[in-house]
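Asker: Data file upload.txt (compact mmCIF, N, CA and C atoms) is appended below.
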# COMPACT_ATOMS: atom_id res chain seq x y z
N MET Y 19 80.62 -4.08 -5.50
CA MET Y 19 79.65 -3.10 -5.98
C MET Y 19 78.37 -3.79 -6.47
N LEU Y 20 78.53 -4.88 -7.20
CA LEU Y 20 77.40 -5.63 -7.72
C LEU Y 20 76.57 -6.20 -6.57
N ARG Y 21 77.27 -6.68 -5.54
CA ARG Y 21 76.58 -7.24 -4.37
C ARG Y 21 75.76 -6.17 -3.66
N LEU Y 22 76.29 -4.98 -3.51
CA LEU Y 22 75.58 -3.87 -2.87
C LEU Y 22 74.34 -3.50 -3.69
N LEU Y 23 74.50 -3.43 -4.98
CA LEU Y 23 73.38 -3.10 -5.87
C LEU Y 23 72.28 -4.16 -5.78
N THR Y 24 72.67 -5.43 -5.74
CA THR Y 24 71.71 -6.53 -5.62
C THR Y 24 70.97 -6.45 -4.28
N THR Y 25 71.68 -6.16 -3.22
CA THR Y 25 71.08 -6.04 -1.89
C THR Y 25 70.07 -4.90 -1.85
N VAL Y 26 70.43 -3.76 -2.41
CA VAL Y 26 69.53 -2.60 -2.44
C VAL Y 26 68.29 -2.91 -3.28
N LEU Y 27 68.48 -3.55 -4.42
CA LEU Y 27 67.36 -3.90 -5.29
C LEU Y 27 66.42 -4.88 -4.60
N CYS Y 28 66.96 -5.91 -3.98
CA CYS Y 28 66.14 -6.90 -3.27
C CYS Y 28 65.39 -6.25 -2.11
N SER Y 29 66.06 -5.39 -1.38
CA SER Y 29 65.41 -4.69 -0.27
C SER Y 29 64.27 -3.82 -0.76
N SER Y 30 64.47 -3.17 -1.89
CA SER Y 30 63.42 -2.33 -2.47
C SER Y 30 62.21 -3.15 -2.87
N VAL Y 31 62.45 -4.30 -3.47
CA VAL Y 31 61.36 -5.19 -3.89
C VAL Y 31 60.59 -5.68 -2.66
N ILE Y 32 61.30 -6.09 -1.63
CA ILE Y 32 60.66 -6.57 -0.39
C ILE Y 32 59.85 -5.44 0.25
N LEU Y 33 60.40 -4.25 0.30
CA LEU Y 33 59.68 -3.11 0.87
C LEU Y 33 58.43 -2.81 0.05
N PHE Y 34 58.55 -2.81 -1.26
CA PHE Y 34 57.39 -2.56 -2.12
C PHE Y 34 56.30 -3.60 -1.90
N LEU Y 35 56.67 -4.86 -1.84
CA LEU Y 35 55.69 -5.93 -1.65
C LEU Y 35 55.03 -5.85 -0.28
N SER Y 36 55.75 -5.39 0.71
CA SER Y 36 55.18 -5.31 2.05
C SER Y 36 54.17 -4.18 2.18
N ILE Y 37 54.29 -3.13 1.37
CA ILE Y 37 53.33 -2.02 1.45
C ILE Y 37 52.34 -2.03 0.29
N SER Y 38 52.48 -2.98 -0.62
CA SER Y 38 51.64 -2.97 -1.83
C SER Y 38 50.17 -3.18 -1.54
N ASP Y 39 49.83 -3.79 -0.40
CA ASP Y 39 48.41 -3.99 -0.08
C ASP Y 39 47.70 -2.66 0.09
N LYS Y 40 48.42 -1.61 0.36
CA LYS Y 40 47.81 -0.29 0.50
C LYS Y 40 47.48 0.34 -0.85
N LEU Y 41 47.93 -0.27 -1.94
CA LEU Y 41 47.73 0.27 -3.28
C LEU Y 41 46.47 -0.25 -3.96
N TYR Y 42 45.84 -1.25 -3.41
CA TYR Y 42 44.71 -1.88 -4.07
C TYR Y 42 43.41 -1.58 -3.36
N ALA Y 43 42.38 -1.24 -4.15
CA ALA Y 43 41.06 -0.91 -3.60
C ALA Y 43 40.49 -2.08 -2.83
N GLN Y 44 40.70 -3.31 -3.31
CA GLN Y 44 40.11 -4.48 -2.69
C GLN Y 44 40.61 -4.70 -1.28
N ASP Y 45 41.81 -4.27 -0.97
CA ASP Y 45 42.41 -4.55 0.33
C ASP Y 45 42.24 -3.42 1.33
N SER Y 46 41.55 -2.38 0.98
CA SER Y 46 41.43 -1.25 1.88
C SER Y 46 39.97 -0.80 1.98
N PRO Y 47 39.23 -1.37 2.92
CA PRO Y 47 37.80 -1.07 3.01
C PRO Y 47 37.48 0.35 3.46
N ASP Y 48 38.47 1.09 3.96
CA ASP Y 48 38.20 2.44 4.44
C ASP Y 48 38.23 3.49 3.34
N ARG Y 49 38.71 3.14 2.16
CA ARG Y 49 38.80 4.10 1.06
C ARG Y 49 37.58 3.98 0.17
N HIS Y 50 37.09 5.12 -0.26
CA HIS Y 50 35.98 5.10 -1.21
C HIS Y 50 36.47 4.54 -2.54
N VAL Y 51 35.55 3.87 -3.22
CA VAL Y 51 35.86 3.25 -4.50
C VAL Y 51 35.01 3.94 -5.56
N PHE Y 52 35.60 4.18 -6.73
CA PHE Y 52 34.92 4.84 -7.83
C PHE Y 52 34.96 3.94 -9.05
N THR Y 53 33.83 3.81 -9.71
CA THR Y 53 33.81 3.11 -10.98
C THR Y 53 33.51 4.11 -12.07
N ILE Y 54 34.13 3.91 -13.20
CA ILE Y 54 33.83 4.72 -14.38
C ILE Y 54 33.45 3.76 -15.49
N THR Y 55 32.26 3.95 -16.02
CA THR Y 55 31.84 3.19 -17.19
C THR Y 55 31.87 4.16 -18.35
N LYS Y 56 32.61 3.78 -19.38
CA LYS Y 56 32.82 4.66 -20.53
C LYS Y 56 32.05 4.10 -21.73
N TYR Y 57 31.16 4.92 -22.25
CA TYR Y 57 30.40 4.58 -23.45
C TYR Y 57 30.83 5.48 -24.59
N LYS Y 58 30.50 5.10 -25.79
CA LYS Y 58 30.72 5.94 -26.98
C LYS Y 58 29.35 6.29 -27.55
N TRP Y 59 29.12 7.59 -27.77
CA TRP Y 59 27.86 8.01 -28.39
C TRP Y 59 27.72 7.34 -29.74
N ARG Y 60 26.55 6.89 -30.05
CA ARG Y 60 26.28 6.32 -31.37
C ARG Y 60 26.16 7.47 -32.36
N LYS Y 61 26.83 7.35 -33.47
CA LYS Y 61 26.77 8.40 -34.49
C LYS Y 61 25.44 8.31 -35.23
N ASN Y 62 24.91 9.46 -35.61
CA ASN Y 62 23.68 9.55 -36.38
C ASN Y 62 22.50 8.82 -35.71
N ILE Y 63 22.35 9.04 -34.42
CA ILE Y 63 21.24 8.39 -33.73
C ILE Y 63 19.94 9.10 -34.06
N ASP Y 64 18.87 8.34 -34.14
CA ASP Y 64 17.56 8.91 -34.43
C ASP Y 64 16.84 9.36 -33.16
N ALA Y 65 17.20 8.78 -32.03
CA ALA Y 65 16.53 9.12 -30.77
C ALA Y 65 16.92 10.54 -30.35
N LYS Y 66 16.01 11.22 -29.69
CA LYS Y 66 16.26 12.59 -29.24
C LYS Y 66 16.92 12.57 -27.86
N SER Y 67 17.78 13.57 -27.60
CA SER Y 67 18.48 13.62 -26.32
C SER Y 67 17.51 13.79 -25.15
N THR Y 68 16.34 14.37 -25.41
CA THR Y 68 15.36 14.50 -24.32
C THR Y 68 14.91 13.13 -23.85
N MET Y 69 14.94 12.14 -24.74
CA MET Y 69 14.58 10.78 -24.34
C MET Y 69 15.62 10.23 -23.36
N LEU Y 70 16.91 10.47 -23.62
CA LEU Y 70 17.95 10.02 -22.71
C LEU Y 70 17.80 10.72 -21.36
N ASP Y 71 17.53 12.01 -21.38
CA ASP Y 71 17.31 12.74 -20.13
C ASP Y 71 16.16 12.13 -19.33
N SER Y 72 15.09 11.78 -20.00
CA SER Y 72 13.94 11.16 -19.33
C SER Y 72 14.29 9.80 -18.76
N LEU Y 73 15.02 9.00 -19.53
CA LEU Y 73 15.43 7.68 -19.06
C LEU Y 73 16.35 7.80 -17.85
N ASN Y 74 17.30 8.72 -17.90
CA ASN Y 74 18.20 8.95 -16.76
C ASN Y 74 17.41 9.38 -15.53
N LYS Y 75 16.48 10.29 -15.72
CA LYS Y 75 15.67 10.77 -14.59
C LYS Y 75 14.89 9.63 -13.95
N LEU Y 76 14.28 8.79 -14.76
CA LEU Y 76 13.53 7.65 -14.24
C LEU Y 76 14.44 6.68 -13.49
N GLU Y 77 15.60 6.40 -14.06
CA GLU Y 77 16.52 5.47 -13.40
C GLU Y 77 17.03 6.03 -12.07
N TYR Y 78 17.32 7.32 -12.05
CA TYR Y 78 17.78 7.94 -10.79
C TYR Y 78 16.68 7.89 -9.74
N GLU Y 79 15.46 8.24 -10.11
CA GLU Y 79 14.35 8.27 -9.16
C GLU Y 79 14.02 6.89 -8.61
N ASN Y 80 14.10 5.87 -9.44
CA ASN Y 80 13.62 4.55 -9.06
C ASN Y 80 14.70 3.55 -8.66
N VAL Y 81 15.95 3.83 -9.03
CA VAL Y 81 17.01 2.86 -8.73
C VAL Y 81 18.18 3.54 -8.01
N ILE Y 82 18.88 4.43 -8.69
CA ILE Y 82 20.14 4.99 -8.20
C ILE Y 82 19.96 5.70 -6.85
N ASN Y 83 19.00 6.61 -6.75
CA ASN Y 83 18.82 7.37 -5.51
C ASN Y 83 18.30 6.51 -4.36
N LYS Y 84 17.74 5.36 -4.66
CA LYS Y 84 17.23 4.47 -3.61
C LYS Y 84 18.24 3.42 -3.19
N ASN Y 85 19.34 3.31 -3.91
CA ASN Y 85 20.35 2.31 -3.58
C ASN Y 85 21.24 2.85 -2.47
N LYS Y 86 21.13 2.27 -1.29
CA LYS Y 86 21.86 2.76 -0.10
C LYS Y 86 23.37 2.56 -0.21
N TYR Y 87 23.83 1.77 -1.16
CA TYR Y 87 25.26 1.51 -1.31
C TYR Y 87 25.95 2.50 -2.24
N ILE Y 88 25.19 3.28 -2.97
CA ILE Y 88 25.77 4.27 -3.87
C ILE Y 88 25.86 5.61 -3.16
N VAL Y 89 27.09 6.14 -3.05
CA VAL Y 89 27.31 7.44 -2.40
C VAL Y 89 26.93 8.56 -3.36
N SER Y 90 27.40 8.46 -4.60
CA SER Y 90 27.08 9.48 -5.60
C SER Y 90 27.25 8.89 -6.99
N ARG Y 91 26.66 9.57 -7.96
CA ARG Y 91 26.78 9.14 -9.36
C ARG Y 91 26.65 10.37 -10.25
N ARG Y 92 27.46 10.43 -11.28
CA ARG Y 92 27.46 11.54 -12.23
C ARG Y 92 27.57 11.00 -13.64
N GLU Y 93 26.89 11.68 -14.57
CA GLU Y 93 27.00 11.39 -16.00
C GLU Y 93 27.80 12.56 -16.59
N MET Y 94 28.81 12.25 -17.40
CA MET Y 94 29.67 13.30 -17.94
C MET Y 94 30.00 13.04 -19.40
N SER Y 95 30.32 14.11 -20.12
CA SER Y 95 30.81 13.96 -21.49
C SER Y 95 31.85 15.04 -21.76
N HIS Y 96 32.60 14.85 -22.84
CA HIS Y 96 33.63 15.81 -23.23
C HIS Y 96 33.01 17.16 -23.55
N MET Y 97 33.77 18.23 -23.30
CA MET Y 97 33.29 19.55 -23.67
C MET Y 97 34.14 20.15 -24.79
N MET Y 98 35.45 20.17 -24.62
CA MET Y 98 36.29 20.89 -25.57
C MET Y 98 37.41 20.00 -26.11
N THR Y 99 37.06 18.98 -26.83
CA THR Y 99 38.06 18.12 -27.44
C THR Y 99 37.64 17.82 -28.87
N GLU Y 100 38.56 17.29 -29.65
CA GLU Y 100 38.25 16.93 -31.03
C GLU Y 100 37.20 15.82 -31.09
N ASP Y 101 37.37 14.81 -30.23
CA ASP Y 101 36.46 13.67 -30.23
C ASP Y 101 35.56 13.74 -29.02
N SER Y 102 34.32 14.12 -29.22
CA SER Y 102 33.40 14.26 -28.09
C SER Y 102 32.45 13.07 -28.01
N GLN Y 103 32.92 11.90 -28.40
CA GLN Y 103 32.08 10.71 -28.39
C GLN Y 103 31.97 10.05 -27.02
N ASP Y 104 32.87 10.37 -26.09
CA ASP Y 104 32.86 9.70 -24.80
C ASP Y 104 31.72 10.18 -23.91
N TYR Y 105 31.08 9.23 -23.27
CA TYR Y 105 30.04 9.48 -22.27
C TYR Y 105 30.42 8.64 -21.06
N LEU Y 106 30.69 9.30 -19.94
CA LEU Y 106 31.19 8.62 -18.75
C LEU Y 106 30.15 8.62 -17.64
N VAL Y 107 30.08 7.50 -16.93
CA VAL Y 107 29.22 7.38 -15.76
C VAL Y 107 30.15 7.09 -14.58
N LEU Y 108 30.27 8.07 -13.67
CA LEU Y 108 31.13 7.96 -12.50
C LEU Y 108 30.27 7.65 -11.29
N THR Y 109 30.56 6.54 -10.61
CA THR Y 109 29.78 6.14 -9.44
C THR Y 109 30.73 5.94 -8.26
N GLU Y 110 30.31 6.45 -7.09
CA GLU Y 110 31.14 6.38 -5.88
C GLU Y 110 30.49 5.46 -4.85
N PHE Y 111 31.34 4.65 -4.21
CA PHE Y 111 30.92 3.73 -3.16
C PHE Y 111 31.83 3.91 -1.95
N LYS Y 112 31.34 3.58 -0.76
CA LYS Y 112 32.16 3.70 0.45
C LYS Y 112 33.28 2.66 0.50
N SER Y 113 33.06 1.51 -0.14
CA SER Y 113 34.06 0.43 -0.09
C SER Y 113 33.83 -0.53 -1.25
N ILE Y 114 34.77 -1.43 -1.42
CA ILE Y 114 34.63 -2.45 -2.46
C ILE Y 114 33.46 -3.37 -2.15
N GLU Y 115 33.19 -3.59 -0.88
CA GLU Y 115 32.06 -4.43 -0.48
C GLU Y 115 30.74 -3.77 -0.88
N ASP Y 116 30.65 -2.44 -0.70
CA ASP Y 116 29.43 -1.72 -1.10
C ASP Y 116 29.24 -1.75 -2.60
N TRP Y 117 30.33 -1.69 -3.34
CA TRP Y 117 30.24 -1.81 -4.80
C TRP Y 117 29.62 -3.14 -5.17
N ASP Y 118 30.08 -4.19 -4.53
CA ASP Y 118 29.57 -5.53 -4.80
C ASP Y 118 28.09 -5.64 -4.44
N LYS Y 119 27.72 -5.11 -3.29
CA LYS Y 119 26.32 -5.18 -2.83
C LYS Y 119 25.40 -4.31 -3.68
N SER Y 120 25.92 -3.23 -4.24
CA SER Y 120 25.08 -2.30 -5.00
C SER Y 120 24.48 -2.94 -6.24
N SER Y 121 25.22 -3.83 -6.86
CA SER Y 121 24.72 -4.50 -8.06
C SER Y 121 23.48 -5.34 -7.73
N GLU Y 122 23.55 -6.06 -6.64
CA GLU Y 122 22.41 -6.86 -6.18
C GLU Y 122 21.23 -5.96 -5.82
N GLU Y 123 21.53 -4.85 -5.17
CA GLU Y 123 20.48 -3.90 -4.78
C GLU Y 123 19.83 -3.28 -6.03
N ASN Y 124 20.64 -2.93 -7.03
CA ASN Y 124 20.09 -2.39 -8.28
C ASN Y 124 19.12 -3.37 -8.92
N THR Y 125 19.49 -4.64 -8.93
CA THR Y 125 18.62 -5.67 -9.51
C THR Y 125 17.29 -5.72 -8.78
N LYS Y 126 17.32 -5.69 -7.46
CA LYS Y 126 16.08 -5.71 -6.66
C LYS Y 126 15.23 -4.48 -6.94
N LEU Y 127 15.86 -3.32 -6.98
CA LEU Y 127 15.12 -2.07 -7.20
C LEU Y 127 14.51 -2.02 -8.60
N ARG Y 128 15.24 -2.49 -9.59
CA ARG Y 128 14.69 -2.53 -10.96
C ARG Y 128 13.48 -3.46 -11.03
N LYS Y 129 13.58 -4.58 -10.38
CA LYS Y 129 12.48 -5.56 -10.39
C LYS Y 129 11.25 -4.98 -9.68
N LYS Y 130 11.48 -4.28 -8.59
CA LYS Y 130 10.38 -3.65 -7.85
C LYS Y 130 9.72 -2.56 -8.70
N TRP Y 131 10.54 -1.81 -9.41
CA TRP Y 131 10.05 -0.68 -10.21
C TRP Y 131 9.37 -1.14 -11.49
N LEU Y 132 10.07 -1.96 -12.29
CA LEU Y 132 9.56 -2.32 -13.62
C LEU Y 132 8.81 -3.65 -13.65
N LYS Y 133 8.85 -4.38 -12.57
CA LYS Y 133 8.05 -5.60 -12.34
C LYS Y 133 8.49 -6.83 -13.12
N THR Y 134 8.69 -6.74 -14.43
CA THR Y 134 9.00 -7.95 -15.22
C THR Y 134 10.33 -7.80 -15.94
N ASP Y 135 10.93 -8.94 -16.25
CA ASP Y 135 12.20 -8.93 -17.00
C ASP Y 135 12.03 -8.31 -18.37
N GLU Y 136 10.87 -8.49 -18.98
CA GLU Y 136 10.60 -7.92 -20.31
C GLU Y 136 10.61 -6.39 -20.26
N LYS Y 137 9.99 -5.82 -19.21
CA LYS Y 137 9.97 -4.36 -19.08
C LYS Y 137 11.35 -3.81 -18.76
N ILE Y 138 12.12 -4.55 -17.98
CA ILE Y 138 13.50 -4.13 -17.68
C ILE Y 138 14.31 -4.12 -18.97
N LYS Y 139 14.20 -5.18 -19.76
CA LYS Y 139 14.92 -5.26 -21.04
C LYS Y 139 14.50 -4.12 -21.97
N GLU Y 140 13.21 -3.85 -22.05
CA GLU Y 140 12.70 -2.78 -22.91
C GLU Y 140 13.27 -1.43 -22.48
N PHE Y 141 13.29 -1.16 -21.17
CA PHE Y 141 13.82 0.10 -20.67
C PHE Y 141 15.28 0.27 -21.08
N TYR Y 142 16.10 -0.74 -20.86
CA TYR Y 142 17.53 -0.62 -21.15
C TYR Y 142 17.84 -0.73 -22.64
N ASP Y 143 16.97 -1.35 -23.41
CA ASP Y 143 17.12 -1.32 -24.87
C ASP Y 143 16.96 0.11 -25.37
N ASN Y 144 16.02 0.84 -24.80
CA ASN Y 144 15.84 2.25 -25.17
C ASN Y 144 17.07 3.07 -24.76
N TYR Y 145 17.62 2.77 -23.62
CA TYR Y 145 18.82 3.46 -23.13
C TYR Y 145 20.00 3.21 -24.08
N ARG Y 146 20.11 1.98 -24.54
CA ARG Y 146 21.24 1.60 -25.40
C ARG Y 146 21.14 2.17 -26.82
N LEU Y 147 20.02 2.75 -27.18
CA LEU Y 147 19.89 3.38 -28.50
C LEU Y 147 20.93 4.49 -28.71
N PHE Y 148 21.38 5.08 -27.62
CA PHE Y 148 22.25 6.24 -27.69
C PHE Y 148 23.73 5.90 -27.80
N PHE Y 149 24.10 4.63 -27.53
CA PHE Y 149 25.51 4.29 -27.41
C PHE Y 149 25.90 3.11 -28.28
N GLU Y 150 27.17 3.10 -28.66
CA GLU Y 150 27.73 1.95 -29.38
C GLU Y 150 27.69 0.74 -28.45
N ARG Y 151 27.85 -0.44 -29.03
CA ARG Y 151 27.82 -1.66 -28.21
C ARG Y 151 29.01 -1.75 -27.25
N TRP Y 152 30.16 -1.21 -27.64
CA TRP Y 152 31.35 -1.25 -26.80
C TRP Y 152 31.18 -0.36 -25.58
N HIS Y 153 31.72 -0.79 -24.44
CA HIS Y 153 31.88 0.08 -23.29
C HIS Y 153 33.08 -0.39 -22.49
N GLY Y 154 33.63 0.49 -21.68
CA GLY Y 154 34.77 0.14 -20.83
C GLY Y 154 34.42 0.34 -19.38
N ASP Y 155 34.94 -0.51 -18.52
CA ASP Y 155 34.72 -0.41 -17.07
C ASP Y 155 36.05 -0.23 -16.37
N TYR Y 156 36.11 0.75 -15.46
CA TYR Y 156 37.33 1.05 -14.74
C TYR Y 156 36.98 1.23 -13.27
N MET Y 157 37.93 0.87 -12.38
CA MET Y 157 37.71 1.04 -10.96
C MET Y 157 38.93 1.70 -10.34
N TYR Y 158 38.67 2.68 -9.46
CA TYR Y 158 39.73 3.40 -8.78
C TYR Y 158 39.39 3.49 -7.30
N SER Y 159 40.42 3.72 -6.48
CA SER Y 159 40.16 3.95 -5.06
C SER Y 159 40.82 5.27 -4.66
N GLU Y 160 40.31 5.82 -3.58
CA GLU Y 160 40.86 7.05 -3.04
C GLU Y 160 42.30 6.83 -2.61
N MET Y 161 43.09 7.88 -2.72
CA MET Y 161 44.44 7.84 -2.17
C MET Y 161 44.42 8.63 -0.87
N PRO Y 162 44.97 8.07 0.20
CA PRO Y 162 44.92 8.76 1.48
C PRO Y 162 45.69 10.08 1.45
N ASN Y 163 45.18 11.03 2.19
CA ASN Y 163 45.84 12.33 2.37
C ASN Y 163 46.03 13.14 1.11
N THR Y 164 45.19 12.91 0.10
CA THR Y 164 45.31 13.73 -1.12
C THR Y 164 44.09 14.60 -1.32
N GLY Y 165 43.07 14.43 -0.48
CA GLY Y 165 41.85 15.23 -0.63
C GLY Y 165 41.99 16.59 0.00
N LYS Y 166 41.00 17.40 -0.24
CA LYS Y 166 40.98 18.76 0.27
C LYS Y 166 40.69 18.76 1.76
Could you render the structure from this file as structure tokens?

Answerer:
Amino acid sequence: MLRLLTTVLCSSVILFLSISDKLYAQDSPDRHVFTITKYKWRKNIDAKSTMLDSLNKLEYENVINKNKYIVSRREMSHMMTEDSQDYLVLTEFKSIEDWDKSSEENTKLRKKWLKTDEKIKEFYDNYRLFFERWHGDYMYSEMPNTGK
């Protein structure tokens, strides 16, 4: 009985390892990849939310919408929970390779738009007024045959 159980367990492990490459975003270029960056709203901020809206609009017009590697991007926050401090940025890419290339493209587009490193720093310093220093980064990939 113990031998049968050991054989079944080993076979299961081997089967899992043989199909595990399908579970990772890095190994499947045909699946879209999603990143979520999670920020926490800074409490008692002096900056007005209209300023964040303006900064987002400028960044979308000059960087995000011009980056050919970004499929879509959304900014989200909690609506009906006790703790509404979370601010999420969800970005979609066609593949892990596009995710990698998008960072380089963002850098080029920012430099073209804002011209100098000082102006880039100033822009993002204003953006950071709204959030705590901590943030989290997460990456997910599509699961086949689960979409509509």

Asker: Could you pull the residues within 5 Å of segment 57-62 of chain Y, counting only N, CA and C atoms, minus those fewer than 5 positions along the same chain, as a ChimeraX atom specification?

Answerer: /Y:103-106,148-150,153

Asker: Atom CA of Met94 of chain Y and atom CA of Leu147 of chain Y, how far apart in Å?

Answerer: 17.5 Å

Asker: Using all atoms listed in the file, pick whichever of Y:Tyr158, Y:Trp131, Y:Tyr145, Y:Phe52 has the shortest atom-to-atom distance to Leu108 of chain Y.

Answerer: Y:Phe52

Asker: Smallest atom-to-atom distance to Arg49 of chain Y: which of Y:Asn144, Y:Thr164, Y:Ser120, Y:Ser113, using only N, CA and C atoms?

Answerer: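 Under the stated criterion, the closest residue is Y:Ser113.
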
Asker: Counting only C-alpha atoms, which of Y:Ile63, Y:Leu73, Y:Val81, Y:Ile88 gets nearest to Thr109 of chain Y?

Answerer: Y:Ile88

Asker: Please measure the separation of atom N of Lys75 of chain Y and atom C of Tyr142 of chain Y, giving the value in Å to one decimal.

Answerer: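 Here the two named atoms are 13.1 Å from each other.
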
Asker: Please report the interatomic distance between atom N of Asp71 of chain Y and atom N of Arg146 of chain Y in Å with one decimal.

Answerer: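 According to the coordinates, atom N of Asp71 of chain Y and atom N of Arg146 of chain Y are separated by 10.8 Å.
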
Asker: Residues at most 8 Å from segment 123-126 of chain Y, counting all atoms listed in the file, excluding those fewer than 6 positions away in the same chain, as a list in words?

Answerer: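 Listed by chain and then number, they are Val81, Ile82, Lys84, Asn85, Lys86, Tyr87 and Leu132 of chain Y.
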
Asker: Which residues are close to Asp155 of chain Y, i.e. within 9 Å by only C-alpha atoms, leaving aside same-chain residues fewer than 6 positions away? Reply as a VMD selection string.

Answerer: chain Y and resid 53 to 56

Asker: Using the file's own x, y and z axes, so that the box edges lie along x, y and z, what centre and edge lengths in Å (one decimal) does a box around every listed atom of segment 82-85 of chain Y get when 4 Å is added on each side? Give it as JSON.

Answerer:
{"center_x": 19.2, "center_y": 4.8, "center_z": -5.6, "size_x": 12.0, "size_y": 13.1, "size_z": 14.2}

Asker: Give me, as a short mmCIF file (atom, residue, chain, number, x, y, z; two decimals) with N, CA and C atoms, in the coordinates of the input, all polymer residues having an atom no more than 5 Å from Phe111 of chain Y, counting all atoms listed in the file and skipping those fewer than 5 positions away in the same chain.

Answerer:
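Result saved to selection-v4.cif:
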data_model
loop_
_atom_site.label_atom_id
_atom_site.label_comp_id
_atom_site.auth_asym_id
_atom_site.auth_seq_id
_atom_site.Cartn_x
_atom_site.Cartn_y
_atom_site.Cartn_z
N HIS Y 50 37.09 5.12 -0.26
CA HIS Y 50 35.98 5.10 -1.21
C HIS Y 50 36.47 4.54 -2.54
N VAL Y 51 35.55 3.87 -3.22
CA VAL Y 51 35.86 3.25 -4.50
C VAL Y 51 35.01 3.94 -5.56
N PHE Y 52 35.60 4.18 -6.73
CA PHE Y 52 34.92 4.84 -7.83
C PHE Y 52 34.96 3.94 -9.05
N VAL Y 89 27.09 6.14 -3.05
CA VAL Y 89 27.31 7.44 -2.40
C VAL Y 89 26.93 8.56 -3.36
#

Asker: DSSP on the backbone, then: every residue of segment 82-151 of chain Y marked alpha helix (DSSP H), written as a PyMOL selection string.

Answerer: chain Y and resi 114-132+135-146
